[in-house]
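Contents: one structure, followed by commentary.
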Amino acid sequence: MKNKSIFIVFLLLLVLPVVTFPFVKGYIDSENHEKRTFAKRPQLAWDTLASFPGQFDEYFSDYLPYKNQLVMVNNIKNEWLGSGTTAIEYLSESKVIRGKDKWLFFNAVSKNEESMKDYLCNNLYEEKKLKKIAKRYVKLQEKLDEMGIELVVLYAANKEQVYPEYMPSTIVPVSSYSRTDQLVDYIHEHTKVPLLYTKEALRKEKEKHQVFYKYDTHWNNLGGFVGGQLLNEYFHGEYVSLDDVSYSAVSENESGDLADLLSMRNLYNDDIAWQIDNYKEDVTEHLSDEENAYEFTSNAKDKRSVLVVKDSFGYAMMGIAKDFAKVTFLKNTEVFKEYCEERKPDILLLEIVERQKGPQEKLCKGLYDLLVSEE
């Protein structure tokens, strides 16, 4: 009788989640927070017999009933035990690195992203690769010069490069010289492409100001302001420190995308979102939200126009609208050629986050190909 009861309980534990989930998924967190596309339902056919088991296992794991809730329970358990991410968890490719003082970091692992390898400094380029990448930057620069457009590139540093003190003590870099340091140095030494790397400026400013969100992959508006000031310094010889502006909190219960990956947004939600209050108060900007771009116009002293190709870090840099009379942030690169040829910007800014290895290596080539393509 006892064995029969155990069997019934076990069977219910297997069946109930599958049976009940369709009725409750609209009322609980069932979103995809993993920054990737979930697997498609595999089709069973004669020519897919060998691959079907693995594909189905991947599909089932992605759509596991109560997946986010199970992830949350496991992470609450880890929090209760007081354990952060260990080297073993990192090696198993845990998406989120749980650091000190509740700081969270993104373990980006893909063909185009490898943030922890950037932090560990164990993914340096060979000379041949550096030369190939640099040629792509130069080729785009030369084409833009023909069109009367000045190129400048800005690398937004990874969060763990700016706040290494909050990384787990068990994850130890092999060097202090990273892949991005290497690429920046090579381009500076072998080309005339202006490349601005934000790491040192952010490290300096973070001593008094928090420049990244604790529970998100991105820098906050203060960090974006620092990036914008490197651009301001390059073009105008003026760098305005966070010490020299005032800023205020717009929210004191911020969470973030890393908390989502842990399904713990309701527990990691005590961060602060800031806004800059008094930068260039004499400049008034106007935003036009177009189909393919955000376009700012202002009465800034510098009457040049800037076209910005960005990733998600670029949103926090929109304050540069007060430094130039016209700043256009593209929403996609499909219209890049059109905007260059028809709107004739004076400056092209490429903003690329450090962990995006693919865009660092290939974005210039992609943009060049768009410019020389036949319609």
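FYI, nothing fancy with the structure tokens labels: chains A, B, ... in order, residues from 1 per chain, ligands from 1 as they appear.
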Sorted by chain and rising residue number, list the residues of range 115-226 of chain A at most 12 Å from range 277-288 of chain A (counting only C-alpha atoms), each with its closest atom pair and distance in Å to one decimal, as a Markdown table.
```
| residue | atom | partner | partner_atom | distance |
| --- | --- | --- | --- | --- |
| A:Asn221 | CA | A:Asp277 | CA | 11.1 |
| A:Leu222 | CA | A:Asp277 | CA | 11.0 |
| A:Phe225 | CA | A:Tyr279 | CA | 9.8 |
```
Who sits within 10 Å of range 138-152 of chain A, only C-alpha atoms, same chain under 4 positions skipped, as a PyMOL selection string: chain A and resi 133-134+187+190-196+231+234-235+305-308+340-341+344-351+363-369+371-372
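Counting only C-alpha atoms, the residue from A:Pro359, A:Gly224, A:Gly319, A:Pro168 that sits nearest to Arg136 in chain A is A:Pro359.
The coordinates place CA of Arg265 in chain A at 23.4 Å from CA of Val162 in chain A.
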Within 8 Å of Asn107 in chain A, counting only C-alpha atoms, which residues show up once you throw out same-chain ones fewer than 2 positions away? Write them as a PyMOL selection string, please. chain A and resi 90+93-97+105+109+114-116
Deliver the residues from the most recent selection as a file, using C-alpha atoms, as a short mmCIF file (atom, residue, chain, number, x, y, z; two decimals), in the first residue's frame.
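Saved result, selection_1.cif, follows:
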```
data_model
loop_
_atom_site.label_atom_id
_atom_site.label_comp_id
_atom_site.auth_asym_id
_atom_site.auth_seq_id
_atom_site.Cartn_x
_atom_site.Cartn_y
_atom_site.Cartn_z
CA TYR A 90 31.07 29.10 -14.82
CA GLU A 93 28.22 27.84 -18.97
CA SER A 94 25.79 29.29 -16.45
CA LYS A 95 24.24 32.32 -18.18
CA VAL A 96 24.53 34.53 -15.11
CA ILE A 97 27.59 34.97 -12.93
CA PHE A 105 27.29 39.53 -14.62
CA VAL A 109 28.71 32.30 -24.74
CA GLU A 114 32.41 35.61 -25.16
CA SER A 115 32.37 38.03 -22.27
CA MET A 116 33.98 35.79 -19.66
#
```
For Ala300 in chain A, find every residue with an atom within 7 Å (counting only C-alpha atoms), except residues of its own chain fewer than 6 positions away, and show them as a VMD selection string. chain A and resid 283 322 to 325
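Here CA of Lys310 in chain A and CA of Lys331 in chain A stand 8.0 Å from one another.
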